[in-house]
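Asker: Structure provided below as structure tokens; questions to follow.
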Amino acid sequence: MQRDTGARSAPVYTARIDVCPVARTSLPGTLLAPSAARRFVRAALADWAGLGLLGLCALCQGGAGCPPGGHSTDRFVDDVVLVVDELVTNAVVHAGTTAELLCRFEASTQQAPAAVVVEVSDHHPARTVNSEPDGADQSGIPEYGRGLHLVGAMAERWGITFHAALKTVWARLPVDGWDTRSLPAGDPVAGRGSAGAELLVPGRQRAGRDDRDWEGRGALSFLAEASDLLAGQLDEDMVAALAGQLLVPRLADWCAIWLDGESGRSVGGKGPGGGSPRLARVWHSDESRIEQLHEALDREPPSLPGGVRSGTVPIAWPPAGEPGSGDGTAALACPLVAGGRALGVLLIARHGLLPVPGEMTSLIEDFARRVALAISAARQYTRQATISQVLQRGLLPSKVGQIPGVDSFLVYEPSDDGVAGGDFYDIFPAGSGGRWCFMLGDVQGSGPEAAVVTGLARPWLRLLAREGYQVAQVLDRLNGLLLDDATEAAEAAALLVAAASAASSGGQGVQEGPQARFLSLLYGEVVASPADAGGGGGVRCTLASAGHPLPLLLRPDGTVHAAAEPQMLLGVVDDVAYQSRTFELEPGDTLLCVTDGVTERRSGSRMFDDEDGLAKVLAGCAGLPAQGVAERIRAAVYEFAQAPPKDDLALLVLQAR
């Protein structure tokens with residue numbers, strides 16, 4: 001029987017017992033691949049366990065060797081998941097390609113016991129496999145993987161197979177005999193697998209507990225899942241909250257996290273301004289005690305000995321003289337340090353008289369490193385987003401002008417990626433004579449490079465307009481300025497590349513210069529119409545489009561047509577003469593200007609402006625005011641697809657009174 005759920009990452013396997021079940025999937029070449037692989041393998045093994053392949057019958061066929069209560073598959077599943085996690089991480093990080101994952105069950109024979117074989121293939125066969133642990137800190141503990149030593153220690157056999165376009169790393173994990181591997185005979189936790197996590201849950205009897213069951217299995221699984229959850233968080237308070245929920249009640253009865261300010265401080269000391277660290281999160285296994293614990297901890301943060309930058313430090317809690325002091329609570333404080341910078345302190349506590357075992361302190365230190373790295377990444381993202389927002393506000397006008405005789409409405413929504421976008425706009429008076437100018441542009445690309453062009457283009461346009469240049473002349477001169485600026489940038493980059501090539505000996509590779517600085521622009525001017533001398537209303541509009549979505553003119557009767565002709569992007573070639581078009585904007589006429597964030601909004605393979613989609617929506621806006629037109633267009637853009645827009649969204653509506 002074949003089952004295919006249709007999902008890319010869902011197991012596809014054969015359910016007949018006399019045929020070896022196989023599950024396979026393709027994984028992206030990103031850091032999300034290991035977590036997807038873990039979920040995939042767990043789902044496949046759960047299905048096979050449901051078929052009896054990993055349970056009592058598959059292991060011993062009900063013979064005398066079956067322990068009371070049968071076999072538990074918890075630990076075996078964790079073993080397989082950890083091996084898959086390491087192999088996929090190796091493929092993604094060290095090969096940098098997509099990965100193919102195959103998981104196969106092999107039934108027992110007279111020559112070999114039942115086993116699960118995992119294979120991970122990448123598409124970079126020339127790249128060597130990482131067989132050594134990655135970079136380690138001063139204590140020698142690796143932070144980013146344990147290499148294939150872990151695979152070799154957990155698998156019965158493993159190896160590497162090279163093909164013309166593939167490299168496959170495989171490992172075989174036998175089902176028989178796993179339940180007592182690496183545990184001494186008679187160990188009370190033998191056979192309980194990753195359920196050893198229960199040994200650390202507060203409230204159970206401490207006598208006879210053995211935390212060694214975490215070492216190498218449950219602990220590694222816990223750290224892998226913790227890394228997966230923490231890595232995607234972009235807010236330091238959310239990182240602190242997740243850390244608390246991961247620790248309590250699994251490893252501690254309660255925990256607290258203090259975070260230092262961005263300016264940093266020495267661990268356990270005061271900040272540069274004399275302030276104390278901020279208590280970001282408190283978590284207790286008994287939620288009714290969280291508020292009381294928060295108040296007590298907020299009064300007195302932990303004070304670590306000077307110079308402590310790593311490891312755990314025993315802390316007396318509650319402090320001497322406080323109610324409850326000396327009750328036997330084992331508390332550990334662990335500094336949160338990333339990149340040599342102190343970020344805060346993690347404090348955990350376990351009730352009881354027994355000290356925290358050495359294996360547990362190592363696990364806590366490893367977990368604290370991951371928390372610190374996640375907090376550092378979240379702070380870096382926050383800084384970048386803040387800089388981009390400040391830069392974006394500085395590149396755009398604080399307010400737009402109001403053209404006499406014209407109602408205007410602007411919608412501008414930058415994409416939610418924390419990077420300064422390339423869309424810009426403006427409405428401003430251009431000297432005497434009642435001339436008003438408007439613009440809506442889009443610099444190709446995003447980020448700092450696009451922000452540089454935006455920061456140049458808008459002031460240049462204002463200057464040229466106020467110098468008296470007409471619409472077509474403004475575009476001609478802006479095109480020349482962009483080309484001159486791009487030429488200077490290319491020459492400077494060429495000099496840097498030449499200097500670097502002369503300094504290097506035998507270096508290979510191709511240096512790419514900066515991308516051309518080009519933009520699309522819709523630029524126009526509005527003056528009072530000569531026919532308005534008698535007070536009839538309306539204005540005269542002159543505009544030009546350079547590589548930009550064409551503006552649309554809506555008449556009161558619902559007819560829509562383009563108000564400009566398509567022309568070349570600015571900053572591409574210098575032998576182009578731009579042309580403008582002049583027309584009367586009669587009372588009730590509406591001019592719609594948009595960026596490609598509107599016209600190229602995607603839903604699958606379709607775009608919003610396919611088959612004149614924008615014009616059709618605009619035709620239904622006849623009779624609406626300028627604001628109503630803008631809001632209806634915006635709503636139509638959002639309704640076109642379920643996913644939020646990925647590009648900046650900008651539209652300008654001008655309506656003659």
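Simple scheme: letters A, B, ... for chains in structure tokens order, numbers from 1 for residues in each chain, numbers from 1 for ligands in the order shown.
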Hey, what's within 7 Å of range 25-31 of chain A if we count only C-alpha atoms and toss same-chain stuff fewer than 4 positions away? As a ChimeraX atom specification, please?
Answerer: /A:8-9,92,96-102
Asker: Excluding range 544-558 of chain A and residues on its chain fewer than 4 positions from it, collect all residues at most 6 Å away from it, counting only C-alpha atoms, and give them as a list in words.
Answerer: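 The residues that qualify are Ser520, Leu521, Leu522, Tyr523, Ala562, Ala563, Gln567, Met568, Leu569, Ser580, Gly588, Asp589, Thr590, Leu591, Leu592, Cys593, Ala619 and Ala622 of chain A.
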Asker: Once you have the residues from the selection above, write them out as a compact mmCIF listing (two decimals), in the first residue's frame, restricted to all heavy atoms.
Answerer:
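As written to disk, result.txt reads:
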```
# COMPACT_ATOMS: atom_id res chain seq x y z
N SER A 520 12.83 53.97 -11.84
CA SER A 520 11.63 54.33 -12.61
C SER A 520 10.99 55.53 -11.94
O SER A 520 11.04 55.66 -10.71
CB SER A 520 10.66 53.15 -12.67
OG SER A 520 10.11 52.89 -11.38
N LEU A 521 10.39 56.41 -12.75
CA LEU A 521 9.88 57.66 -12.20
C LEU A 521 8.66 58.13 -12.97
O LEU A 521 8.63 58.06 -14.21
CB LEU A 521 10.97 58.75 -12.26
CG LEU A 521 10.57 60.15 -11.78
CD1 LEU A 521 10.29 60.14 -10.28
CD2 LEU A 521 11.65 61.16 -12.11
N LEU A 522 7.68 58.58 -12.24
CA LEU A 522 6.54 59.31 -12.80
C LEU A 522 6.62 60.72 -12.23
O LEU A 522 6.53 60.92 -11.02
CB LEU A 522 5.23 58.64 -12.39
CG LEU A 522 3.95 59.27 -12.96
CD1 LEU A 522 3.93 59.18 -14.46
CD2 LEU A 522 2.72 58.60 -12.38
N TYR A 523 6.83 61.69 -13.13
CA TYR A 523 7.04 63.07 -12.70
C TYR A 523 6.12 63.99 -13.50
O TYR A 523 5.96 63.83 -14.71
CB TYR A 523 8.50 63.48 -12.91
CG TYR A 523 8.78 64.93 -12.63
CD1 TYR A 523 8.86 65.41 -11.33
CD2 TYR A 523 8.96 65.85 -13.67
CE1 TYR A 523 9.11 66.75 -11.06
CE2 TYR A 523 9.22 67.19 -13.42
CZ TYR A 523 9.29 67.63 -12.11
OH TYR A 523 9.53 68.96 -11.85
N ALA A 562 -4.67 55.38 -20.34
CA ALA A 562 -3.33 55.77 -19.90
C ALA A 562 -3.10 57.24 -20.17
O ALA A 562 -3.49 57.76 -21.22
CB ALA A 562 -2.29 54.92 -20.59
N ALA A 563 -2.43 57.93 -19.25
CA ALA A 563 -2.20 59.37 -19.37
C ALA A 563 -0.77 59.69 -19.79
O ALA A 563 -0.40 60.87 -19.81
CB ALA A 563 -2.51 60.05 -18.04
N GLN A 567 8.47 54.96 -21.50
CA GLN A 567 9.80 55.39 -21.91
C GLN A 567 10.85 54.64 -21.09
O GLN A 567 10.54 53.91 -20.15
CB GLN A 567 9.96 56.91 -21.74
CG GLN A 567 8.99 57.72 -22.58
CD GLN A 567 9.19 59.22 -22.40
OE1 GLN A 567 10.03 59.82 -23.06
NE2 GLN A 567 8.42 59.82 -21.51
N MET A 568 12.12 54.86 -21.45
CA MET A 568 13.25 54.16 -20.85
C MET A 568 13.43 54.53 -19.38
O MET A 568 13.16 55.65 -18.96
CB MET A 568 14.52 54.49 -21.63
CG MET A 568 15.78 53.82 -21.10
SD MET A 568 15.77 52.03 -21.29
CE MET A 568 15.89 51.92 -23.10
N LEU A 569 13.89 53.54 -18.58
CA LEU A 569 14.28 53.81 -17.20
C LEU A 569 15.35 54.89 -17.14
O LEU A 569 16.14 55.06 -18.08
CB LEU A 569 14.83 52.54 -16.56
CG LEU A 569 13.86 51.43 -16.15
CD1 LEU A 569 14.64 50.16 -15.90
CD2 LEU A 569 13.09 51.83 -14.91
N SER A 580 7.21 64.54 -22.76
CA SER A 580 6.11 64.72 -21.80
C SER A 580 4.79 64.86 -22.54
O SER A 580 4.76 65.06 -23.76
CB SER A 580 6.36 65.96 -20.93
OG SER A 580 6.40 67.13 -21.73
N GLY A 588 -13.70 66.61 -11.52
CA GLY A 588 -14.19 65.23 -11.41
C GLY A 588 -13.25 64.20 -12.00
O GLY A 588 -13.40 62.99 -11.73
N ASP A 589 -12.27 64.65 -12.82
CA ASP A 589 -11.28 63.71 -13.36
C ASP A 589 -10.33 63.26 -12.24
O ASP A 589 -9.97 64.04 -11.36
CB ASP A 589 -10.47 64.35 -14.47
CG ASP A 589 -11.29 64.55 -15.74
OD1 ASP A 589 -12.40 64.00 -15.81
OD2 ASP A 589 -10.82 65.25 -16.66
N THR A 590 -9.92 62.00 -12.34
CA THR A 590 -9.03 61.42 -11.32
C THR A 590 -7.79 60.84 -11.99
O THR A 590 -7.91 60.05 -12.95
CB THR A 590 -9.75 60.32 -10.52
OG1 THR A 590 -10.90 60.85 -9.89
CG2 THR A 590 -8.83 59.72 -9.47
N LEU A 591 -6.62 61.20 -11.50
CA LEU A 591 -5.35 60.67 -12.00
C LEU A 591 -4.78 59.73 -10.94
O LEU A 591 -4.57 60.13 -9.79
CB LEU A 591 -4.37 61.81 -12.28
CG LEU A 591 -3.01 61.39 -12.86
CD1 LEU A 591 -3.19 60.85 -14.27
CD2 LEU A 591 -2.05 62.58 -12.87
N LEU A 592 -4.52 58.48 -11.33
CA LEU A 592 -3.99 57.46 -10.42
C LEU A 592 -2.55 57.14 -10.81
O LEU A 592 -2.27 56.76 -11.95
CB LEU A 592 -4.83 56.18 -10.48
CG LEU A 592 -4.30 54.98 -9.69
CD1 LEU A 592 -4.27 55.27 -8.20
CD2 LEU A 592 -5.12 53.72 -9.99
N CYS A 593 -1.64 57.26 -9.85
CA CYS A 593 -0.23 56.93 -10.05
C CYS A 593 0.15 55.86 -9.03
O CYS A 593 -0.14 56.02 -7.83
CB CYS A 593 0.66 58.16 -9.86
SG CYS A 593 0.10 59.64 -10.74
N ALA A 619 -11.98 51.68 -12.86
CA ALA A 619 -13.24 52.04 -13.52
C ALA A 619 -14.42 51.95 -12.56
O ALA A 619 -15.40 52.70 -12.69
CB ALA A 619 -13.47 51.13 -14.73
N ALA A 622 -15.53 55.30 -10.16
CA ALA A 622 -16.14 56.55 -10.64
C ALA A 622 -17.10 57.09 -9.59
O ALA A 622 -17.92 56.35 -9.04
CB ALA A 622 -16.86 56.31 -11.96
```
Asker: Run DSSP on the backbone and give me the residues of range 354-499 of chain A it puts in helix (DSSP H, G or I), as a VMD selection string.
Answerer: chain A and resid 358 to 395 448 to 466 471 to 499
Asker: Report the distance between CA of Ala650 in chain A and CA of Gln444 in chain A in Å, rounded to one decimal place.
Answerer: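 Atom-to-atom, CA of Ala650 in chain A to CA of Gln444 in chain A, that is 14.5 Å.
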Asker: Within 12 Å of Val598 in chain A, counting only C-alpha atoms, which residues qualify if same-chain residues fewer than 4 places away don't, as a PyMOL selection string?
Answerer: chain A and resi 411-413+423+442+548-550+592-594+602+607-610+613-615+617+630+633-641+645-652
Asker: Write the selection just made, keeping C-alpha atoms, as a PDB file, in the first residue's frame?
Answerer:
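Done, and the output landed in out-v1.pdb:
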```pdb
ATOM      1  CA  VAL A 411      -0.880  55.629   0.375  1.00  0.00           C
ATOM      2  CA  TYR A 412       2.648  54.514   1.247  1.00  0.00           C
ATOM      3  CA  GLU A 413       3.316  51.194   2.992  1.00  0.00           C
ATOM      4  CA  ASP A 423       9.887  53.884  -3.287  1.00  0.00           C
ATOM      5  CA  ASP A 442      10.965  53.467  -7.416  1.00  0.00           C
ATOM      6  CA  HIS A 548       7.282  53.396 -14.506  1.00  0.00           C
ATOM      7  CA  PRO A 549       3.787  51.870 -14.452  1.00  0.00           C
ATOM      8  CA  LEU A 550       1.734  54.230 -16.592  1.00  0.00           C
ATOM      9  CA  LEU A 592      -3.993  57.464 -10.424  1.00  0.00           C
ATOM     10  CA  CYS A 593      -0.230  56.932 -10.048  1.00  0.00           C
ATOM     11  CA  VAL A 594       1.177  53.678  -8.595  1.00  0.00           C
ATOM     12  CA  ARG A 602       1.383  38.284  -7.253  1.00  0.00           C
ATOM     13  CA  MET A 607      -0.123  39.531 -11.318  1.00  0.00           C
ATOM     14  CA  PHE A 608      -2.613  42.169 -10.238  1.00  0.00           C
ATOM     15  CA  ASP A 609      -2.351  44.143 -13.492  1.00  0.00           C
ATOM     16  CA  ASP A 610      -2.675  41.160 -15.798  1.00  0.00           C
ATOM     17  CA  GLY A 613      -6.633  44.468 -13.780  1.00  0.00           C
ATOM     18  CA  LEU A 614      -5.748  47.863 -12.300  1.00  0.00           C
ATOM     19  CA  ALA A 615      -7.780  49.744 -14.926  1.00  0.00           C
ATOM     20  CA  VAL A 617     -10.697  48.229 -10.543  1.00  0.00           C
ATOM     21  CA  ALA A 630      -7.037  55.192  -2.945  1.00  0.00           C
ATOM     22  CA  ILE A 633      -7.341  50.286  -4.882  1.00  0.00           C
ATOM     23  CA  ARG A 634      -5.401  49.394  -1.745  1.00  0.00           C
ATOM     24  CA  ALA A 635      -8.099  46.948  -0.609  1.00  0.00           C
ATOM     25  CA  ALA A 636      -8.149  45.300  -4.042  1.00  0.00           C
ATOM     26  CA  VAL A 637      -4.387  44.837  -3.924  1.00  0.00           C
ATOM     27  CA  TYR A 638      -4.546  43.131  -0.524  1.00  0.00           C
ATOM     28  CA  GLU A 639      -7.486  40.946  -1.522  1.00  0.00           C
ATOM     29  CA  PHE A 640      -5.695  39.749  -4.652  1.00  0.00           C
ATOM     30  CA  ALA A 641      -3.581  37.261  -2.673  1.00  0.00           C
ATOM     31  CA  PRO A 645       2.630  42.188  -0.072  1.00  0.00           C
ATOM     32  CA  LYS A 646       6.379  41.570  -0.310  1.00  0.00           C
ATOM     33  CA  ASP A 647       7.167  44.885  -2.033  1.00  0.00           C
ATOM     34  CA  ASP A 648       6.655  48.495  -1.027  1.00  0.00           C
ATOM     35  CA  LEU A 649       3.140  49.714  -1.789  1.00  0.00           C
ATOM     36  CA  ALA A 650       2.736  53.309  -2.966  1.00  0.00           C
ATOM     37  CA  LEU A 651      -0.079  55.068  -4.828  1.00  0.00           C
ATOM     38  CA  LEU A 652      -0.987  58.719  -5.375  1.00  0.00           C
TER      39      LEU A 652
END
```
Asker: Excluding same-chain residues fewer than 3 positions from Ala280 in chain A, what lies within 8 Å of it counting only C-alpha atoms, as a ChimeraX atom specification?
Answerer: /A:237,240,256-259
Asker: For CA of Leu456 in chain A and CA of Glu565 in chain A, determine how far apart the two atoms are, in Å to one decimal place.
Answerer: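 Between CA of Leu456 in chain A and CA of Glu565 in chain A the gap works out to 25.2 Å.
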Asker: With only C-alpha atoms as the counted atoms, please give the residues lying no more than 8 Å from Asp476 in chain A, apart from itself and same-chain residues fewer than 2 positions off, as a CSV table (one decimal) with N, CA, C and O atoms, in the first residue's frame.
Answerer:
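Once written, result_28.csv looks like this:
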```
chain,number,residue,atom,x,y,z
A,472,ALA,N,10.1,67.4,-19.3
A,472,ALA,CA,11.0,66.5,-20.1
A,472,ALA,C,12.4,66.9,-19.8
A,472,ALA,O,13.3,66.0,-19.7
A,473,GLN,N,12.7,68.2,-19.6
A,473,GLN,CA,14.1,68.6,-19.3
A,473,GLN,C,14.5,68.1,-17.9
A,473,GLN,O,15.7,67.7,-17.8
A,474,VAL,N,13.7,68.1,-17.0
A,474,VAL,CA,14.0,67.5,-15.7
A,474,VAL,C,14.4,66.1,-15.8
A,474,VAL,O,15.5,65.7,-15.2
A,478,LEU,N,18.1,64.6,-14.9
A,478,LEU,CA,18.2,63.6,-13.8
A,478,LEU,C,18.9,62.3,-14.4
A,478,LEU,O,19.7,61.7,-13.7
A,479,ASN,N,18.6,62.0,-15.6
A,479,ASN,CA,19.2,60.8,-16.2
A,479,ASN,C,20.7,61.0,-16.3
A,479,ASN,O,21.5,60.1,-16.0
A,480,GLY,N,21.1,62.2,-16.8
A,480,GLY,CA,22.6,62.5,-16.8
A,480,GLY,C,23.3,62.4,-15.5
A,480,GLY,O,24.4,61.9,-15.4
A,576,VAL,N,19.1,59.3,-24.8
A,576,VAL,CA,17.7,59.3,-24.8
A,576,VAL,C,17.1,60.6,-24.5
A,576,VAL,O,17.7,61.3,-23.7
A,577,ALA,N,16.1,61.0,-25.2
A,577,ALA,CA,15.4,62.3,-25.0
A,577,ALA,C,14.0,62.0,-24.5
A,577,ALA,O,13.2,61.4,-25.3
A,578,TYR,N,13.7,62.4,-23.3
A,578,TYR,CA,12.4,62.1,-22.8
A,578,TYR,C,11.4,63.1,-23.3
A,578,TYR,O,11.6,64.2,-23.5
```
Asker: So, with only C-alpha atoms as the atoms that count, which of A:Cys103, A:Ala372, A:Val539, A:Leu332 lies closest to Arg42 in chain A?
Answerer: A:Cys103
Asker: Just want the 8 Å neighbourhood of Ala155 in chain A, counted on only C-alpha atoms, with same-chain residues fewer than 2 positions away dropped. Output as a tab-separated table (two decimals) with N, CA and C atoms, in the first residue's frame.
Answerer:
```
chain	number	residue	atom	x	y	z
A	151	VAL	N	27.82	10.95	14.93
A	151	VAL	CA	27.21	9.91	14.09
A	151	VAL	C	27.95	8.59	14.28
A	152	GLY	N	29.27	8.65	14.29
A	152	GLY	CA	30.05	7.43	14.46
A	152	GLY	C	29.82	6.77	15.80
A	153	ALA	N	29.58	7.58	16.84
A	153	ALA	CA	29.37	7.03	18.18
A	153	ALA	C	27.99	6.39	18.32
A	157	ARG	N	27.11	1.34	11.86
A	157	ARG	CA	28.03	1.58	10.76
A	157	ARG	C	27.61	2.88	10.07
A	158	TRP	N	28.57	3.54	9.45
A	158	TRP	CA	28.24	4.71	8.63
A	158	TRP	C	29.30	4.86	7.55
A	171	ALA	N	24.03	6.19	7.54
A	171	ALA	CA	24.28	5.62	8.86
A	171	ALA	C	23.24	4.55	9.14
A	172	ARG	N	23.67	3.47	9.80
A	172	ARG	CA	22.77	2.37	10.13
A	172	ARG	C	22.66	2.25	11.64
A	173	LEU	N	21.42	2.34	12.16
A	173	LEU	CA	21.18	2.26	13.60
A	173	LEU	C	20.33	1.03	13.88
A	174	PRO	N	20.88	0.02	14.55
A	174	PRO	CA	20.12	-1.21	14.81
A	174	PRO	C	19.02	-0.97	15.84
```
Asker: Nearest to Cys541 in chain A among A:Ala564, A:Leu519, A:Leu570, A:Ala243, with distances taken over only C-alpha atoms: which residue is it?
Answerer: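 The answer is A:Ala564, which sits nearest to Cys541 in chain A.
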Asker: Measure the distance from CA of Val81 in chain A to CA of Val41 in chain A in Å and round it to one decimal.
Answerer: 6.5 Å
